[in-house]
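upload.cif follows (mmCIF, C-alpha atoms):
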```
data_target
loop_
_atom_site.group_PDB
_atom_site.id
_atom_site.type_symbol
_atom_site.label_atom_id
_atom_site.label_comp_id
_atom_site.auth_asym_id
_atom_site.auth_seq_id
_atom_site.Cartn_x
_atom_site.Cartn_y
_atom_site.Cartn_z
ATOM 1 C CA MET S 1 0.594 1.062 -19.406
ATOM 2 C CA CYS S 2 2.571 0.571 -22.601
ATOM 3 C CA ARG S 3 1.084 -0.950 -25.706
ATOM 4 C CA LEU S 4 2.717 -3.524 -27.910
ATOM 5 C CA LEU S 5 1.968 -4.519 -31.482
ATOM 6 C CA GLY S 6 3.778 -7.225 -33.397
ATOM 7 C CA ILE S 7 3.160 -8.586 -36.880
ATOM 8 C CA ILE S 8 4.832 -11.417 -38.746
ATOM 9 C CA ALA S 9 3.709 -12.326 -42.279
ATOM 10 C CA ASN S 10 4.752 -14.707 -45.037
ATOM 11 C CA LYS S 11 5.686 -11.748 -47.272
ATOM 12 C CA PRO S 12 6.548 -8.087 -46.636
ATOM 13 C CA VAL S 13 3.359 -6.200 -45.899
ATOM 14 C CA ASP S 14 2.305 -2.565 -45.720
ATOM 15 C CA LEU S 15 0.730 -2.073 -42.319
ATOM 16 C CA GLU S 16 -0.669 1.431 -42.524
ATOM 17 C CA PHE S 17 -3.932 0.057 -41.191
ATOM 18 C CA SER S 18 -2.498 -1.514 -38.098
ATOM 19 C CA LEU S 19 -0.204 1.370 -37.219
ATOM 20 C CA THR S 20 -2.938 3.922 -37.814
ATOM 21 C CA ARG S 21 -5.321 2.058 -35.525
ATOM 22 C CA PHE S 22 -2.576 1.509 -32.953
ATOM 23 C CA ARG S 23 -1.841 5.241 -33.078
ATOM 24 C CA GLU S 24 -5.256 5.943 -31.570
ATOM 25 C CA LYS S 25 -4.026 4.396 -28.309
ATOM 26 C CA ALA S 26 -1.202 6.945 -27.991
ATOM 27 C CA LYS S 27 -3.406 9.481 -26.197
ATOM 28 C CA TYR S 28 -3.096 7.224 -23.147
ATOM 29 C CA ASN S 29 0.662 6.680 -23.582
ATOM 30 C CA PRO S 30 2.281 10.066 -24.239
ATOM 31 C CA ASP S 31 5.949 9.417 -23.459
ATOM 32 C CA GLY S 32 7.169 8.054 -26.780
ATOM 33 C CA TRP S 33 6.728 5.570 -29.570
ATOM 34 C CA GLY S 34 8.776 3.448 -31.925
ATOM 35 C CA ILE S 35 8.712 1.032 -34.847
ATOM 36 C CA GLY S 36 11.137 -1.805 -35.540
ATOM 37 C CA TRP S 37 11.321 -3.727 -38.813
ATOM 38 C CA TYR S 38 13.693 -5.555 -41.169
ATOM 39 C CA GLU S 39 14.945 -4.262 -44.489
ATOM 40 C CA GLY S 40 17.462 -6.054 -46.688
ATOM 41 C CA GLY S 41 18.196 -8.466 -43.868
ATOM 42 C CA GLU S 42 19.064 -5.618 -41.477
ATOM 43 C CA ALA S 43 17.209 -4.682 -38.304
ATOM 44 C CA ARG S 44 15.872 -1.113 -38.427
ATOM 45 C CA ILE S 45 14.262 1.028 -35.773
ATOM 46 C CA PHE S 46 12.805 4.508 -35.678
ATOM 47 C CA LYS S 47 11.587 5.998 -32.427
ATOM 48 C CA GLN S 48 10.838 9.337 -30.807
ATOM 49 C CA GLY S 49 10.477 10.536 -27.236
ATOM 50 C CA VAL S 50 7.184 12.269 -28.025
ATOM 51 C CA SER S 51 3.597 11.097 -28.248
ATOM 52 C CA ALA S 52 2.545 9.512 -31.529
ATOM 53 C CA LEU S 53 -0.153 12.214 -31.578
ATOM 54 C CA SER S 54 2.345 15.074 -31.228
ATOM 55 C CA PRO S 55 2.742 17.510 -34.163
ATOM 56 C CA GLU S 56 6.450 16.588 -34.155
ATOM 57 C CA SER S 57 5.724 12.876 -34.494
ATOM 58 C CA ARG S 58 6.522 10.981 -37.707
ATOM 59 C CA PHE S 59 4.297 8.059 -36.721
ATOM 60 C CA GLN S 60 1.796 8.498 -39.541
ATOM 61 C CA GLU S 61 4.575 8.961 -42.098
ATOM 62 C CA LEU S 62 6.345 5.781 -40.973
ATOM 63 C CA SER S 63 3.103 3.799 -40.952
ATOM 64 C CA ARG S 64 2.755 4.502 -44.670
ATOM 65 C CA SER S 65 6.320 3.620 -45.639
ATOM 66 C CA VAL S 66 7.376 0.563 -43.617
ATOM 67 C CA ARG S 67 7.146 -2.792 -45.377
ATOM 68 C CA SER S 68 8.511 -5.903 -43.724
ATOM 69 C CA LYS S 69 7.738 -9.506 -42.846
ATOM 70 C CA ILE S 70 8.191 -8.617 -39.180
ATOM 71 C CA ILE S 71 7.207 -5.343 -37.518
ATOM 72 C CA ILE S 72 7.274 -4.462 -33.823
ATOM 73 C CA CYS S 73 5.607 -1.287 -32.525
ATOM 74 C CA HIS S 74 5.500 0.266 -29.076
ATOM 75 C CA VAL S 75 3.737 3.247 -27.514
ATOM 76 C CA ARG S 76 5.220 4.219 -24.155
ATOM 77 C CA LYS S 77 4.002 5.484 -20.806
ATOM 78 C CA GLY S 78 7.321 5.508 -18.999
ATOM 79 C CA THR S 79 8.006 4.176 -15.502
ATOM 80 C CA HIS S 80 11.810 4.537 -15.632
ATOM 81 C CA GLY S 81 13.783 7.090 -17.620
ATOM 82 C CA MET S 82 12.679 10.484 -18.883
ATOM 83 C CA PRO S 83 10.829 10.826 -22.213
ATOM 84 C CA ALA S 84 13.613 10.688 -24.796
ATOM 85 C CA GLU S 85 14.462 8.823 -27.968
ATOM 86 C CA ARG S 86 17.057 6.688 -26.161
ATOM 87 C CA ASN S 87 14.405 5.550 -23.656
ATOM 88 C CA SER S 88 11.737 4.772 -26.247
ATOM 89 C CA HIS S 89 11.159 1.274 -27.570
ATOM 90 C CA PRO S 90 11.920 -0.829 -29.562
ATOM 91 C CA PHE S 91 15.566 -1.456 -28.743
ATOM 92 C CA ARG S 92 17.969 -3.006 -31.248
ATOM 93 C CA HIS S 93 21.180 -4.999 -30.979
ATOM 94 C CA GLY S 94 22.551 -6.718 -34.074
ATOM 95 C CA CYS S 95 19.662 -8.637 -35.623
ATOM 96 C CA TRP S 96 17.523 -8.399 -32.481
ATOM 97 C CA ILE S 97 14.565 -6.051 -31.952
ATOM 98 C CA PHE S 98 12.802 -5.873 -28.572
ATOM 99 C CA ALA S 99 9.884 -4.058 -26.920
ATOM 100 C CA HIS S 100 8.642 -4.464 -23.347
ATOM 101 C CA ASN S 101 5.519 -3.696 -21.352
ATOM 102 C CA GLY S 102 5.992 -3.720 -17.602
ATOM 103 C CA CYS S 103 8.576 -3.003 -14.946
ATOM 104 C CA VAL S 104 11.579 -5.033 -13.753
ATOM 105 C CA ASP S 105 14.244 -4.571 -11.088
ATOM 106 C CA ARG S 106 16.776 -2.632 -13.145
ATOM 107 C CA ASP S 107 19.586 -2.671 -10.586
ATOM 108 C CA SER S 108 19.296 -6.395 -9.947
ATOM 109 C CA LEU S 109 19.493 -7.310 -13.636
ATOM 110 C CA LEU S 110 22.204 -4.734 -14.292
ATOM 111 C CA SER S 111 24.373 -6.377 -11.629
ATOM 112 C CA ARG S 112 24.139 -9.660 -13.560
ATOM 113 C CA LEU S 113 25.161 -8.240 -16.934
ATOM 114 C CA GLU S 114 28.547 -8.810 -18.492
ATOM 115 C CA GLU S 115 30.571 -5.703 -19.247
ATOM 116 C CA ARG S 116 30.129 -6.100 -23.024
ATOM 117 C CA TYR S 117 26.360 -5.694 -22.614
ATOM 118 C CA ILE S 118 26.595 -2.922 -20.030
ATOM 119 C CA ARG S 119 28.591 -0.876 -22.548
ATOM 120 C CA GLU S 120 25.684 -1.080 -25.012
ATOM 121 C CA ILE S 121 23.155 0.545 -22.658
ATOM 122 C CA SER S 122 22.397 4.119 -23.717
ATOM 123 C CA GLY S 123 19.282 5.037 -21.729
ATOM 124 C CA GLY S 124 17.930 4.897 -18.209
ATOM 125 C CA THR S 125 15.119 2.370 -18.583
ATOM 126 C CA ASP S 126 14.676 -0.970 -16.881
ATOM 127 C CA SER S 127 13.427 -2.305 -20.229
ATOM 128 C CA GLU S 128 16.750 -1.809 -21.991
ATOM 129 C CA VAL S 129 18.541 -3.688 -19.202
ATOM 130 C CA TYR S 130 15.900 -6.446 -19.451
ATOM 131 C CA PHE S 131 16.637 -6.669 -23.191
ATOM 132 C CA TYR S 132 20.365 -7.156 -22.704
ATOM 133 C CA TRP S 133 19.754 -9.613 -19.874
ATOM 134 C CA LEU S 134 17.646 -11.697 -22.265
ATOM 135 C CA LEU S 135 20.319 -11.516 -24.975
ATOM 136 C CA GLN S 136 23.050 -12.539 -22.547
ATOM 137 C CA CYS S 137 21.062 -15.599 -21.466
ATOM 138 C CA ILE S 138 20.134 -16.482 -25.061
ATOM 139 C CA ASP S 139 23.782 -16.238 -26.038
ATOM 140 C CA ARG S 140 24.636 -18.707 -23.276
ATOM 141 C CA ASP S 141 21.868 -21.261 -23.730
ATOM 142 C CA GLY S 142 19.502 -20.408 -26.599
ATOM 143 C CA ILE S 143 15.768 -20.688 -25.948
ATOM 144 C CA ARG S 144 16.388 -22.293 -22.557
ATOM 145 C CA GLY S 145 18.456 -19.271 -21.667
ATOM 146 C CA MET S 146 15.524 -17.026 -22.566
ATOM 147 C CA GLU S 147 13.295 -19.004 -20.224
ATOM 148 C CA GLU S 148 15.798 -18.760 -17.376
ATOM 149 C CA ALA S 149 16.201 -15.019 -18.000
ATOM 150 C CA VAL S 150 12.463 -14.526 -17.545
ATOM 151 C CA ARG S 151 12.409 -16.562 -14.330
ATOM 152 C CA VAL S 152 15.172 -14.431 -12.843
ATOM 153 C CA ALA S 153 13.600 -11.160 -14.056
ATOM 154 C CA ARG S 154 10.320 -12.141 -12.430
ATOM 155 C CA ARG S 155 11.732 -11.367 -8.982
ATOM 156 C CA GLY S 156 10.566 -7.879 -8.118
ATOM 157 C CA SER S 157 8.879 -7.365 -11.487
ATOM 158 C CA GLY S 158 5.638 -5.590 -12.282
ATOM 159 C CA GLY S 159 5.134 -7.044 -15.743
ATOM 160 C CA LEU S 160 7.368 -8.950 -18.142
ATOM 161 C CA ASN S 161 5.465 -8.767 -21.437
ATOM 162 C CA PHE S 162 7.758 -8.570 -24.439
ATOM 163 C CA LEU S 163 8.020 -8.922 -28.190
ATOM 164 C CA LEU S 164 11.415 -10.078 -29.455
ATOM 165 C CA SER S 165 12.635 -10.946 -32.944
ATOM 166 C CA ASP S 166 15.865 -12.078 -34.573
ATOM 167 C CA GLY S 167 14.559 -11.307 -38.068
ATOM 168 C CA ARG S 168 13.330 -14.860 -38.622
ATOM 169 C CA LYS S 169 11.071 -15.615 -35.679
ATOM 170 C CA LEU S 170 8.838 -13.593 -33.392
ATOM 171 C CA TYR S 171 8.954 -14.406 -29.682
ATOM 172 C CA VAL S 172 6.036 -13.314 -27.523
ATOM 173 C CA PHE S 173 5.952 -13.520 -23.744
ATOM 174 C CA ARG S 174 3.116 -12.554 -21.435
ATOM 175 C CA HIS S 175 3.288 -12.003 -17.698
ATOM 176 C CA GLY S 176 1.432 -9.247 -15.877
ATOM 177 C CA PHE S 177 -0.581 -7.577 -18.642
ATOM 178 C CA PHE S 178 -2.911 -8.776 -21.376
ATOM 179 C CA LEU S 179 -1.664 -9.867 -24.787
ATOM 180 C CA TYR S 180 -3.771 -11.174 -27.650
ATOM 181 C CA VAL S 181 -2.849 -13.101 -30.780
ATOM 182 C CA LEU S 182 -4.689 -13.255 -34.115
ATOM 183 C CA ARG S 183 -3.929 -15.635 -36.977
ATOM 184 C CA ARG S 184 -5.082 -14.566 -40.439
ATOM 185 C CA ASP S 185 -5.111 -16.700 -43.566
ATOM 186 C CA PRO S 186 -5.130 -15.419 -47.162
ATOM 187 C CA GLY S 187 -8.591 -14.570 -48.414
ATOM 188 C CA GLN S 188 -10.093 -13.688 -45.044
ATOM 189 C CA GLY S 189 -10.926 -10.255 -46.381
ATOM 190 C CA GLU S 190 -9.574 -6.765 -46.021
ATOM 191 C CA MET S 191 -8.685 -5.473 -42.595
ATOM 192 C CA TRP S 192 -10.216 -2.089 -41.892
ATOM 193 C CA CYS S 193 -10.525 0.667 -39.313
ATOM 194 C CA THR S 194 -11.545 4.293 -39.027
ATOM 195 C CA SER S 195 -8.859 6.956 -39.239
ATOM 196 C CA ALA S 196 -8.296 8.771 -35.943
ATOM 197 C CA GLU S 197 -7.843 12.047 -37.840
ATOM 198 C CA THR S 198 -10.446 11.983 -40.623
ATOM 199 C CA GLY S 199 -12.900 9.216 -39.790
ATOM 200 C CA ALA S 200 -12.143 7.697 -43.208
ATOM 201 C CA LEU S 201 -12.140 3.936 -43.655
ATOM 202 C CA LEU S 202 -8.634 2.527 -44.139
ATOM 203 C CA LYS S 203 -7.962 -0.797 -45.836
ATOM 204 C CA SER S 204 -4.923 -3.012 -46.206
ATOM 205 C CA LYS S 205 -5.064 -4.816 -49.534
ATOM 206 C CA LEU S 206 -1.680 -6.501 -49.091
ATOM 207 C CA LEU S 207 -2.785 -8.271 -45.924
ATOM 208 C CA ARG S 208 -5.874 -9.552 -47.671
ATOM 209 C CA GLU S 209 -3.787 -12.008 -49.696
ATOM 210 C CA GLU S 210 -1.132 -12.860 -47.105
ATOM 211 C CA LYS S 211 -0.912 -15.192 -44.158
ATOM 212 C CA SER S 212 -0.028 -13.334 -40.971
ATOM 213 C CA VAL S 213 0.045 -13.445 -37.186
ATOM 214 C CA PHE S 214 -0.738 -10.355 -35.096
ATOM 215 C CA VAL S 215 0.060 -9.824 -31.419
ATOM 216 C CA CYS S 216 -1.250 -6.811 -29.525
ATOM 217 C CA SER S 217 -1.924 -5.528 -26.019
ATOM 218 C CA GLU S 218 -5.530 -5.001 -27.067
ATOM 219 C CA LYS S 219 -7.862 -6.454 -29.677
ATOM 220 C CA LEU S 220 -7.528 -4.229 -32.748
ATOM 221 C CA THR S 221 -10.669 -5.527 -34.435
ATOM 222 C CA SER S 222 -14.024 -6.663 -33.086
ATOM 223 C CA ASP S 223 -15.018 -9.131 -35.794
ATOM 224 C CA GLU S 224 -12.016 -11.481 -35.734
ATOM 225 C CA ARG S 225 -10.912 -14.243 -33.381
ATOM 226 C CA TRP S 226 -8.287 -12.738 -31.103
ATOM 227 C CA ILE S 227 -7.050 -15.284 -28.553
ATOM 228 C CA GLU S 228 -5.722 -14.244 -25.167
ATOM 229 C CA VAL S 229 -2.138 -15.358 -24.564
ATOM 230 C CA LYS S 230 -1.956 -17.319 -21.319
ATOM 231 C CA ASP S 231 -0.130 -15.611 -18.484
ATOM 232 C CA GLY S 232 3.375 -17.023 -18.076
ATOM 233 C CA SER S 233 3.457 -18.403 -21.626
ATOM 234 C CA LEU S 234 6.099 -17.969 -24.307
ATOM 235 C CA LEU S 235 4.915 -18.097 -27.924
ATOM 236 C CA THR S 236 7.315 -18.717 -30.782
ATOM 237 C CA VAL S 237 6.091 -17.790 -34.259
ATOM 238 C CA ASP S 238 8.328 -19.430 -36.865
ATOM 239 C CA GLU S 239 9.074 -18.293 -40.406
ATOM 240 C CA ASP S 240 6.285 -20.564 -41.699
ATOM 241 C CA LEU S 241 3.965 -18.776 -39.207
ATOM 242 C CA SER S 242 3.419 -21.885 -37.115
ATOM 243 C CA VAL S 243 2.900 -20.980 -33.464
ATOM 244 C CA THR S 244 4.217 -22.998 -30.532
ATOM 245 C CA GLU S 245 3.373 -22.247 -26.920
ATOM 246 C CA ARG S 246 5.382 -23.109 -23.831
ATOM 247 C CA LYS S 247 4.375 -22.376 -20.241
ATOM 248 C CA ILE S 248 7.491 -21.139 -18.442
ATOM 249 C CA LEU S 249 6.082 -19.371 -15.368
#
```

Structure re-expressed in structure tokens:
Amino acid sequence: MCRLLGIIANKPVDLEFSLTRFREKAKYNPDGWGIGWYEGGEARIFKQGVSALSPESRFQELSRSVRSKIIICHVRKGTHGMPAERNSHPFRHGCWIFAHNGCVDRDSLLSRLEERYIREISGGTDSEVYFYWLLQCIDRDGIRGMEEAVRVARRGSGGLNFLLSDGRKLYVFRHGFFLYVLRRDPGQGEMWCTSAETGALLKSKLLREEKSVFVCSEKLTSDERWIEVKDGSLLTVDEDLSVTERKIL
């Protein structure tokens, strides 16, 4: 199983806490990891085809340095494609950042892709093909295209969960595996966890004063109100952090 973490906030935030806690899950997902964020209006990604717990991993370093209104993280246990940077998530195309948890029929979706998207594929994963299939359908018909893309991808799938962003909004879809969402308002207090390496308590002071929405494959904290995303539902988190839900499967 792969694990997803997405954050969208009203201002750029330092998410060392969230990434550090998320890192603890990597022992179950050793095939790679990645972080996607936005800097100066540009989509950025950094990923490695090694476990986030590996001595070669820069996960901890990145968790201290990334600041963004939107961050997407992924820890991978691969089903298609060998462990490698090109097969690790998130994937990026233009302003879009995407991470997936599940398995789709790669050949079927690949046969539907236009040549311009096929040329962009660099790895061997079904997830990367799923990403470009979504983009092709969005390009044709916006949000309705995204919904149709999911309906087609459902055939022969073993999980369609994804996090997708264009730098302004965060799109969240659940089908096949759990996803949870948490809304935090300013003044709710510091978020905290215990370091996987030292046992020290980590705090995020920036998040204490900011409004934010978290999405994760698992509940990161035990004392806050994480809500399970309904299976087959698409959530859209807008720039003002309002959340709309639409049942599409």

Exercise for review: Do a neighbour search on Phe162 of chain S at 7 Å with all atoms listed in the file, toss out local chain neighbours closer than 5 positions, and write the hits as a list in words.
Suggested key: Ala99, His100, Asn101, Val172, Phe173 and Arg174 of chain S

Quick one: write out the picked residues with C-alpha atoms as a compact mmCIF listing (two decimals), in the frame of the given file?
```
# COMPACT_ATOMS: atom_id res chain seq x y z
CA ALA S 99 9.88 -4.06 -26.92
CA HIS S 100 8.64 -4.46 -23.35
CA ASN S 101 5.52 -3.70 -21.35
CA VAL S 172 6.04 -13.31 -27.52
CA PHE S 173 5.95 -13.52 -23.74
CA ARG S 174 3.12 -12.55 -21.44
```

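The residue set within 8 Å of Leu109 of chain S, counting only C-alpha atoms and dropping same-chain residues fewer than 6 places from it, reads S:Val129, S:Tyr130, S:Trp133, S:Ala153.
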
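Going from atom CA of Ser108 of chain S to atom CA of Gly142 of chain S covers 21.8 Å.
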
Practice item. Name the residues that the PyMOL selection byres ((chain S and resi 10) around 8) pulls out of this structure, and write them as a list in words. Key: Ile8, Ala9, Lys11, Pro12, Lys69, Glu210, Lys211, Ser212, Glu239, Asp240 and Leu241 of chain S

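The shell of residues at most 8 Å from segment 177-179 of chain S, with all atoms listed in the file counted and near chain neighbours (fewer than 2 positions) removed, consists of Asn101, Gly102, Gly159, Asn161, Arg174, His175, Val181, Val215, Cys216, Ser217, Glu218, Glu228, Val229 and Asp231 of chain S.
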
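Here atom CA of Tyr117 of chain S stands at a distance of 18.0 Å from atom CA of Ser165 of chain S.
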
Would you place a box with edges along x, y and z of the file around all atoms of segment 215-218 of chain S listed there, add 4 Å to each of its six sides, and report the centre and edge lengths in Å to one decimal, as lines of an AutoDock Vina configuration file?
```
center_x = -2.7
center_y = -7.4
center_z = -28.7
size_x = 13.6
size_y = 12.8
size_z = 13.4
```

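For the point (19.7, -5.9, -33.6) in file coordinates, the residues within 9 Å, using all atoms listed in the file, are Glu42, Ala43, Arg44, Phe91, Arg92, His93, Gly94, Cys95, Trp96, Ile97, Phe98, Ser165, Asp166 and Gly167 of chain S.
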
Check your understanding: From the set S:Cys103, S:Gly156, S:Ile70, S:Asp14, which residue has the shortest atom-to-atom contact distance to Gly41 of chain S, counting only C-alpha atoms?
Key -> S:Ile70

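Here atom CA of Gly123 of chain S is placed at a distance of 8.8 Å from atom CA of Ser88 of chain S.
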
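Using only C-alpha atoms for every distance, the candidate list S:His89, S:Arg67, S:Lys219, S:Arg225 yields S:His89 as the residue closest to Gln48 of chain S.
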
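Nearest to Ile143 of chain S of all the residues S:Ile35, S:Leu5, S:Arg246, S:Arg168 is S:Arg246, counting all atoms listed in the file.
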